[in-house]
Amino acid sequence: MTNFHNYDPVSKGGWKYQDLGNIGSASQPVFYQIPELIGTRSGYSAYDLYYRNPENYKYFDTKSPFTEMSAFFGGGHRNMLDLAFARNINPRWNVGFEFHTIKARKTLNPVARDDNMVDQTSYSLHTNYRSENGKYWFLGNFSRMKHKVNEIGGIIPPEVDSTSIYFTYEDAKVWLRNSQARDLRQDYHFYHEYKVQDGLQIYHVFDKKSQDMTFESDLTTSDSLFYPKTRFNQPDTTRNFNEFSEWRNEVGFKGTFGGFFYNAYGKFRAGRMKNKFFEEDDKFNEVYLGGQLVGKISDQWSLTADGEYLLPGAYKLHGLFVSPWIELEYTKALYKPTSVQQVYMGNHYQWENDFDNTGVDQIKGKLIINFDKIRLRPSLTINRVNNYIYFNEDRVATQNNGEAFMLMPGLVANFQIGKKFRWDNELVFTQISGAGSDAFRIPKFYANSKFYFDSPAFDEHVFIQFGIDVRYKSDYFADAYFPSTQQFYLQNSFNVYAYPVADIFLNFRINRTRVLLKYNHLNSGLMSQEGYFVTPDYTGYKSFIDLGITWYLFD
């Protein structure tokens, strides 16, 4: 049940994402992250947090039908529904599906009960099959997400409109009423392998992915006041449409030898970004070679080395050492710019670039210190990033030729207090230096603290967690968000000030059923500020109650 009350994607991620103050709104990581893919990406990642990557789906082998149902009813009509079902057709063949929805009413200036900011429907169909002799194995799924966001553009600043006031929530004056972003994704993911002999399998992975990004705004309405006066494509309506698609085939072999797991592969990706205002599609063809070696000395000792090379000039090398007392990790990568960073033809902004690859060195270390009732995890992360690409104060993609250095000591500390109380904490300090440091906007201090009662009750028929959850970020000039380009960009005028947010929660479980109750922003009205911001001109949650329930059905 731990952290079950943090059900929506941003809170489930430890509040390490910056969003627009609502479930399903545009988001980006607070801390710098190395991309998983070193090749060409679309660059439209504002809604990645709400998409379930097919490569991470679970597959089942069920002796009886399995069902998981979850419903989240958030204050302010912020609702989520998650369903999963799987069953075996026969002992070697399983099929199933998942279904997910998000319907979140606007937290700022809704004009009706169903005036939603976010409306998402996504589903997946999956299957897996093993041959009778066990040598052949197939896994595959199809996934689709349609994510619609009715943009509000944020609260009109009081210096622009003296009648606009922050922290009036439903009565806030916002910029946009007739602008909508849509992100439609469809993925086919197939994997199959054949066992040649003990310790050797050959495998093939096929992916076909598409992402259609659309933004529309009626410029004959007051929405036009929010956008630049520049109109490259149409004077009265903004219709930005970009279609990114890719094919991937990976062939390799893997297995075990002498206590080591090994894997080697070759991969080919082909794709393109399509826009009717491009002179021609932005196409790419990429060839990769890669491999992995894992030595597991025991359950507590292991050493991993893996790497990937993209012909001719990008790569990723990674190593991980795990022991009972220390974990060490090193990553060195050179990754390509995204498609939208290279070329963009929108109604308000257009550019064509020839950016260099971005380089990064990352070192992570963590100590593992356990006492009887205390668990400590001091850590240190060091990043060196050069040629970083970002969106500048003019909302245009640009490349910083300088290097940025990030020194990030952290601590995770968990305390057992008596038999029934726990205190969990996480603290991260970030210091950025170097000629390229201004491209990164990260709060100097990030902290989470949770104190709660944790104990079974009624002869262990009910399990209960009840406590308070507090999160905090120090003040910083957080990136702003521009809906038309669907990108976060640098700004230097709006300080997202430091503000601790406290939530009180109750989680309990009866048999297979879990229930959550959470009161958000317990300290509202008790601080010197009236509320808090998560992004410039976007306020965080006001006080309201969330209810959620998850239950499993199986024999």
# chains A, B, ... in the order shown; residues from 1 in each chain; ligands from 1

$ residues_around --residues "Met1 of chain A" --least-positions-apart "5" --cutoff "10 Å" --atoms "only C-alpha atoms" --output "PyMOL selection string"
chain A and resi 454+463-465+507-509+514-516

$ write_last_selection --atoms "C-alpha atoms" --output "CSV table (one decimal), in the first residue's frame"
chain,number,residue,atom,x,y,z
A,454,ASP,CA,1.3,1.5,9.3
A,463,PHE,CA,-4.3,-3.2,6.8
A,464,ILE,CA,-4.1,0.5,7.4
A,465,GLN,CA,-1.8,3.4,6.5
A,507,ASN,CA,-4.8,3.8,2.6
A,508,PHE,CA,-6.3,0.6,3.7
A,509,ARG,CA,-6.6,-2.9,2.3
A,514,ARG,CA,-7.3,-1.3,-1.7
A,515,VAL,CA,-8.9,2.0,-1.0
A,516,LEU,CA,-7.4,5.5,-0.7

$ closest_atom_pairs --of "segment 360-455 of chain A" --to "segment 491-501 of chain A" --cutoff "10 Å" --atoms "only C-alpha atoms" --output "Markdown table"
| residue | atom | partner | partner_atom | distance |
| --- | --- | --- | --- | --- |
| A:Phe391 | CA | A:Gln491 | CA | 9.7 |
| A:Asn392 | CA | A:Gln491 | CA | 7.6 |
| A:Glu393 | CA | A:Gln491 | CA | 5.3 |
| A:Asp394 | CA | A:Gln491 | CA | 8.7 |
| A:Arg395 | CA | A:Gln491 | CA | 9.1 |
| A:Arg441 | CA | A:Gln491 | CA | 9.4 |
| A:Pro443 | CA | A:Ala498 | CA | 9.1 |
| A:Phe445 | CA | A:Ala498 | CA | 9.4 |
| A:Ala447 | CA | A:Pro500 | CA | 9.2 |
| A:Asn448 | CA | A:Pro500 | CA | 9.5 |

$ write_last_selection --atoms "N, CA, C and O atoms" --output "compact mmCIF listing (two decimals), in the first residue's frame"
# COMPACT_ATOMS: atom_id res chain seq x y z
N PHE A 391 14.70 25.02 -25.68
CA PHE A 391 13.91 26.11 -26.25
C PHE A 391 14.17 27.36 -25.42
O PHE A 391 13.94 27.36 -24.20
N ASN A 392 14.64 28.40 -26.07
CA ASN A 392 15.10 29.58 -25.36
C ASN A 392 13.95 30.53 -25.00
O ASN A 392 12.76 30.19 -25.20
N GLU A 393 14.30 31.71 -24.50
CA GLU A 393 13.30 32.67 -24.06
C GLU A 393 12.40 33.14 -25.20
O GLU A 393 11.28 33.61 -24.95
N ASP A 394 12.85 33.01 -26.43
CA ASP A 394 12.03 33.37 -27.60
C ASP A 394 11.22 32.19 -28.11
O ASP A 394 10.65 32.26 -29.21
N ARG A 395 11.22 31.08 -27.36
CA ARG A 395 10.45 29.87 -27.68
C ARG A 395 10.97 29.17 -28.93
O ARG A 395 10.24 28.43 -29.60
N ARG A 441 16.97 24.58 -15.72
CA ARG A 441 16.26 25.22 -14.61
C ARG A 441 15.78 24.11 -13.66
O ARG A 441 14.77 23.45 -13.92
N PRO A 443 15.29 23.21 -9.39
CA PRO A 443 15.33 23.78 -8.04
C PRO A 443 16.53 23.27 -7.27
O PRO A 443 16.93 22.11 -7.40
N PHE A 445 16.81 22.77 -4.06
CA PHE A 445 16.42 21.76 -3.08
C PHE A 445 15.11 21.12 -3.50
O PHE A 445 14.16 21.80 -3.91
N ALA A 447 12.55 18.03 -1.83
CA ALA A 447 12.39 17.20 -0.63
C ALA A 447 10.98 16.62 -0.58
O ALA A 447 10.00 17.28 -0.95
N ASN A 448 10.90 15.38 -0.14
CA ASN A 448 9.64 14.71 0.17
C ASN A 448 9.76 14.09 1.56
O ASN A 448 10.79 13.50 1.91

$ closest_atom_pairs --of "segment 269-307 of chain A" --to "segment 334-347 of chain A" --cutoff "8 Å" --atoms "only C-alpha atoms" --output "Markdown table"
| residue | atom | partner | partner_atom | distance |
| --- | --- | --- | --- | --- |
| A:Met273 | CA | A:Ser339 | CA | 6.9 |
| A:Asn275 | CA | A:Met345 | CA | 7.5 |
| A:Phe277 | CA | A:Met345 | CA | 6.2 |
| A:Phe278 | CA | A:Met345 | CA | 6.8 |
| A:Asp282 | CA | A:Ser339 | CA | 7.6 |

$ write_last_selection --atoms "all heavy atoms" --output "CSV table (one decimal), in the first residue's frame"
chain,number,residue,atom,x,y,z
A,273,MET,N,9.3,12.6,-40.2
A,273,MET,CA,8.3,13.6,-39.7
A,273,MET,C,7.7,14.2,-40.9
A,273,MET,O,8.4,14.7,-41.8
A,273,MET,CB,9.1,14.6,-38.8
A,273,MET,CG,8.1,15.7,-38.3
A,273,MET,SD,7.0,15.1,-37.0
A,273,MET,CE,8.1,15.2,-35.6
A,275,ASN,N,4.9,17.0,-42.4
A,275,ASN,CA,4.2,18.3,-42.2
A,275,ASN,C,3.9,18.9,-43.5
A,275,ASN,O,4.8,18.9,-44.4
A,275,ASN,CB,5.0,19.2,-41.3
A,275,ASN,CG,4.3,20.6,-41.0
A,275,ASN,OD1,3.8,21.2,-41.9
A,275,ASN,ND2,4.3,20.9,-39.7
A,277,PHE,N,3.6,21.7,-44.6
A,277,PHE,CA,4.4,22.9,-44.9
A,277,PHE,C,5.8,22.6,-45.1
A,277,PHE,O,6.6,23.5,-45.4
A,277,PHE,CB,4.2,23.9,-43.8
A,277,PHE,CG,2.7,24.4,-43.7
A,277,PHE,CD1,2.0,24.0,-42.6
A,277,PHE,CD2,2.1,25.2,-44.7
A,277,PHE,CE1,0.6,24.4,-42.5
A,277,PHE,CE2,0.8,25.6,-44.6
A,277,PHE,CZ,0.1,25.2,-43.5
A,278,PHE,N,6.3,21.4,-44.9
A,278,PHE,CA,7.7,21.0,-45.2
A,278,PHE,C,7.8,20.9,-46.7
A,278,PHE,O,6.9,20.5,-47.4
A,278,PHE,CB,8.0,19.6,-44.6
A,278,PHE,CG,8.2,19.6,-43.1
A,278,PHE,CD1,8.5,18.4,-42.5
A,278,PHE,CD2,8.1,20.7,-42.4
A,278,PHE,CE1,8.6,18.3,-41.1
A,278,PHE,CE2,8.3,20.7,-41.0
A,278,PHE,CZ,8.5,19.5,-40.4
A,282,ASP,N,10.9,15.0,-43.4
A,282,ASP,CA,12.1,14.9,-42.7
A,282,ASP,C,12.4,13.4,-42.3
A,282,ASP,O,11.8,12.9,-41.4
A,282,ASP,CB,12.1,15.7,-41.4
A,282,ASP,CG,13.4,15.7,-40.6
A,282,ASP,OD1,14.5,15.5,-41.3
A,282,ASP,OD2,13.4,15.9,-39.4

$ closest_atom_pairs --of "segment 125-211 of chain A" --to "segment 517-539 of chain A" --cutoff "10 Å" --atoms "only C-alpha atoms" --output "JSON lines"
{"residue": "A:Ile152", "atom": "CA", "partner": "A:Tyr538", "partner_atom": "CA", "distance": 9.5}
{"residue": "A:Gly153", "atom": "CA", "partner": "A:Asp537", "partner_atom": "CA", "distance": 8.3}
{"residue": "A:Gly154", "atom": "CA", "partner": "A:Asp537", "partner_atom": "CA", "distance": 5.0}
{"residue": "A:Ile155", "atom": "CA", "partner": "A:Asp537", "partner_atom": "CA", "distance": 5.1}
{"residue": "A:Ile156", "atom": "CA", "partner": "A:Asp537", "partner_atom": "CA", "distance": 7.3}
{"residue": "A:Pro157", "atom": "CA", "partner": "A:Asp537", "partner_atom": "CA", "distance": 7.0}
{"residue": "A:Tyr166", "atom": "CA", "partner": "A:Thr539", "partner_atom": "CA", "distance": 7.8}
{"residue": "A:Phe167", "atom": "CA", "partner": "A:Gly531", "partner_atom": "CA", "distance": 6.4}
{"residue": "A:Thr168", "atom": "CA", "partner": "A:Thr539", "partner_atom": "CA", "distance": 9.6}
{"residue": "A:Tyr169", "atom": "CA", "partner": "A:Thr539", "partner_atom": "CA", "distance": 8.0}
{"residue": "A:Val174", "atom": "CA", "partner": "A:Asp537", "partner_atom": "CA", "distance": 9.2}

$ closest_residue --among "A:Asn133, A:Gln33, A:Gln350, A:Gln186" --to "Asn233 of chain A" --atoms "only C-alpha atoms"
A:Gln350

$ residues_around --residues "segment 351-367 of chain A" --least-positions-apart "3" --cutoff "6 Å" --atoms "only C-alpha atoms" --output "list in words"
Trp325, Ile326, Glu327, Leu328, Glu329, Tyr330, Thr331, Lys332, Ala333, Leu334, Tyr335, Lys336, Gln342, Val343, Tyr344, Arg377, Pro378, Ser379, Leu380, Thr381, Ile382, Asn383, Arg384, Val385, Asn386, Asn387 and Tyr388 of chain A

$ write_last_selection --atoms "N, CA and C atoms" --output "PDB file, in the first residue's frame"
ATOM      1  N   TRP A 325      26.533  -3.204  -0.167  1.00  0.00           N
ATOM      2  CA  TRP A 325      26.849  -1.945   0.524  1.00  0.00           C
ATOM      3  C   TRP A 325      26.914  -0.733  -0.397  1.00  0.00           C
ATOM      4  N   ILE A 326      27.110  -0.975  -1.689  1.00  0.00           N
ATOM      5  CA  ILE A 326      27.287   0.167  -2.583  1.00  0.00           C
ATOM      6  C   ILE A 326      26.790  -0.183  -3.980  1.00  0.00           C
ATOM      7  N   GLU A 327      26.241   0.817  -4.672  1.00  0.00           N
ATOM      8  CA  GLU A 327      25.872   0.695  -6.071  1.00  0.00           C
ATOM      9  C   GLU A 327      26.551   1.810  -6.852  1.00  0.00           C
ATOM     10  N   LEU A 328      27.202   1.452  -7.958  1.00  0.00           N
ATOM     11  CA  LEU A 328      27.897   2.412  -8.801  1.00  0.00           C
ATOM     12  C   LEU A 328      27.394   2.272 -10.235  1.00  0.00           C
ATOM     13  N   GLU A 329      27.176   3.411 -10.884  1.00  0.00           N
ATOM     14  CA  GLU A 329      26.630   3.387 -12.239  1.00  0.00           C
ATOM     15  C   GLU A 329      27.295   4.490 -13.063  1.00  0.00           C
ATOM     16  N   TYR A 330      27.650   4.151 -14.294  1.00  0.00           N
ATOM     17  CA  TYR A 330      28.273   5.131 -15.185  1.00  0.00           C
ATOM     18  C   TYR A 330      27.630   5.027 -16.565  1.00  0.00           C
ATOM     19  N   THR A 331      27.298   6.197 -17.136  1.00  0.00           N
ATOM     20  CA  THR A 331      26.728   6.262 -18.479  1.00  0.00           C
ATOM     21  C   THR A 331      27.457   7.334 -19.274  1.00  0.00           C
ATOM     22  N   LYS A 332      27.859   6.983 -20.476  1.00  0.00           N
ATOM     23  CA  LYS A 332      28.443   7.940 -21.413  1.00  0.00           C
ATOM     24  C   LYS A 332      27.649   7.830 -22.705  1.00  0.00           C
ATOM     25  N   ALA A 333      27.153   8.963 -23.203  1.00  0.00           N
ATOM     26  CA  ALA A 333      26.279   8.900 -24.375  1.00  0.00           C
ATOM     27  C   ALA A 333      26.483  10.111 -25.260  1.00  0.00           C
ATOM     28  N   LEU A 334      26.203   9.900 -26.523  1.00  0.00           N
ATOM     29  CA  LEU A 334      26.148  10.955 -27.519  1.00  0.00           C
ATOM     30  C   LEU A 334      24.873  10.696 -28.315  1.00  0.00           C
ATOM     31  N   TYR A 335      23.852  11.566 -28.138  1.00  0.00           N
ATOM     32  CA  TYR A 335      22.551  11.285 -28.732  1.00  0.00           C
ATOM     33  C   TYR A 335      22.122  12.406 -29.682  1.00  0.00           C
ATOM     34  N   LYS A 336      21.240  12.047 -30.632  1.00  0.00           N
ATOM     35  CA  LYS A 336      20.861  12.936 -31.716  1.00  0.00           C
ATOM     36  C   LYS A 336      19.778  13.927 -31.283  1.00  0.00           C
ATOM     37  N   GLN A 342      15.127  20.068 -34.976  1.00  0.00           N
ATOM     38  CA  GLN A 342      15.818  20.293 -36.241  1.00  0.00           C
ATOM     39  C   GLN A 342      14.975  21.103 -37.238  1.00  0.00           C
ATOM     40  N   VAL A 343      13.694  20.775 -37.338  1.00  0.00           N
ATOM     41  CA  VAL A 343      12.850  21.469 -38.315  1.00  0.00           C
ATOM     42  C   VAL A 343      11.434  21.585 -37.772  1.00  0.00           C
ATOM     43  N   TYR A 344      10.860  22.790 -37.920  1.00  0.00           N
ATOM     44  CA  TYR A 344       9.503  23.051 -37.439  1.00  0.00           C
ATOM     45  C   TYR A 344       8.874  24.108 -38.336  1.00  0.00           C
ATOM     46  N   ARG A 377      20.185   5.791   2.488  1.00  0.00           N
ATOM     47  CA  ARG A 377      20.705   5.653   1.133  1.00  0.00           C
ATOM     48  C   ARG A 377      21.293   6.987   0.669  1.00  0.00           C
ATOM     49  N   PRO A 378      22.470   7.372   1.200  1.00  0.00           N
ATOM     50  CA  PRO A 378      23.127   8.572   0.668  1.00  0.00           C
ATOM     51  C   PRO A 378      23.593   8.316  -0.763  1.00  0.00           C
ATOM     52  N   SER A 379      23.484   9.331  -1.608  1.00  0.00           N
ATOM     53  CA  SER A 379      23.815   9.144  -3.023  1.00  0.00           C
ATOM     54  C   SER A 379      24.476  10.394  -3.583  1.00  0.00           C
ATOM     55  N   LEU A 380      25.109  10.225  -4.736  1.00  0.00           N
ATOM     56  CA  LEU A 380      25.713  11.348  -5.440  1.00  0.00           C
ATOM     57  C   LEU A 380      25.596  11.085  -6.941  1.00  0.00           C
ATOM     58  N   THR A 381      25.074  12.089  -7.663  1.00  0.00           N
ATOM     59  CA  THR A 381      24.991  12.045  -9.117  1.00  0.00           C
ATOM     60  C   THR A 381      25.775  13.216  -9.684  1.00  0.00           C
ATOM     61  N   ILE A 382      26.624  12.939 -10.659  1.00  0.00           N
ATOM     62  CA  ILE A 382      27.398  13.980 -11.344  1.00  0.00           C
ATOM     63  C   ILE A 382      27.102  13.879 -12.840  1.00  0.00           C
ATOM     64  N   ASN A 383      26.640  14.973 -13.420  1.00  0.00           N
ATOM     65  CA  ASN A 383      26.369  15.031 -14.856  1.00  0.00           C
ATOM     66  C   ASN A 383      27.270  16.061 -15.517  1.00  0.00           C
ATOM     67  N   ARG A 384      27.777  15.707 -16.671  1.00  0.00           N
ATOM     68  CA  ARG A 384      28.438  16.680 -17.540  1.00  0.00           C
ATOM     69  C   ARG A 384      27.741  16.626 -18.886  1.00  0.00           C
ATOM     70  N   VAL A 385      27.122  17.742 -19.297  1.00  0.00           N
ATOM     71  CA  VAL A 385      26.338  17.793 -20.527  1.00  0.00           C
ATOM     72  C   VAL A 385      26.893  18.891 -21.428  1.00  0.00           C
ATOM     73  N   ASN A 386      27.137  18.563 -22.681  1.00  0.00           N
ATOM     74  CA  ASN A 386      27.600  19.575 -23.632  1.00  0.00           C
ATOM     75  C   ASN A 386      26.746  19.538 -24.890  1.00  0.00           C
ATOM     76  N   ASN A 387      26.682  20.666 -25.580  1.00  0.00           N
ATOM     77  CA  ASN A 387      25.866  20.816 -26.787  1.00  0.00           C
ATOM     78  C   ASN A 387      24.392  20.504 -26.510  1.00  0.00           C
ATOM     79  N   TYR A 388      23.911  20.939 -25.366  1.00  0.00           N
ATOM     80  CA  TYR A 388      22.526  20.677 -24.986  1.00  0.00           C
ATOM     81  C   TYR A 388      21.583  21.537 -25.825  1.00  0.00           C
TER      82      TYR A 388
END

$ atom_distance --atom1 "atom CA of Arg272 of chain A" --atom2 "atom CA of Ala439 of chain A"
28.0 Å

$ residues_around --residues "Met213 of chain A" --least-positions-apart "5" --cutoff "7 Å" --atoms "only C-alpha atoms" --output "list in words"
Arg182, Asp183, Leu184, Phe241, Asn242 and Glu243 of chain A

$ residues_around --residues "segment 188-193 of chain A" --least-positions-apart "5" --cutoff "10 Å" --atoms "only C-alpha atoms" --output "count of residues only"
38

$ residues_around --residues "Ser433 of chain A" --least-positions-apart "2" --cutoff "10 Å" --atoms "only C-alpha atoms" --output "ChimeraX atom specification"
/A:384,403-407,431,435-438,440
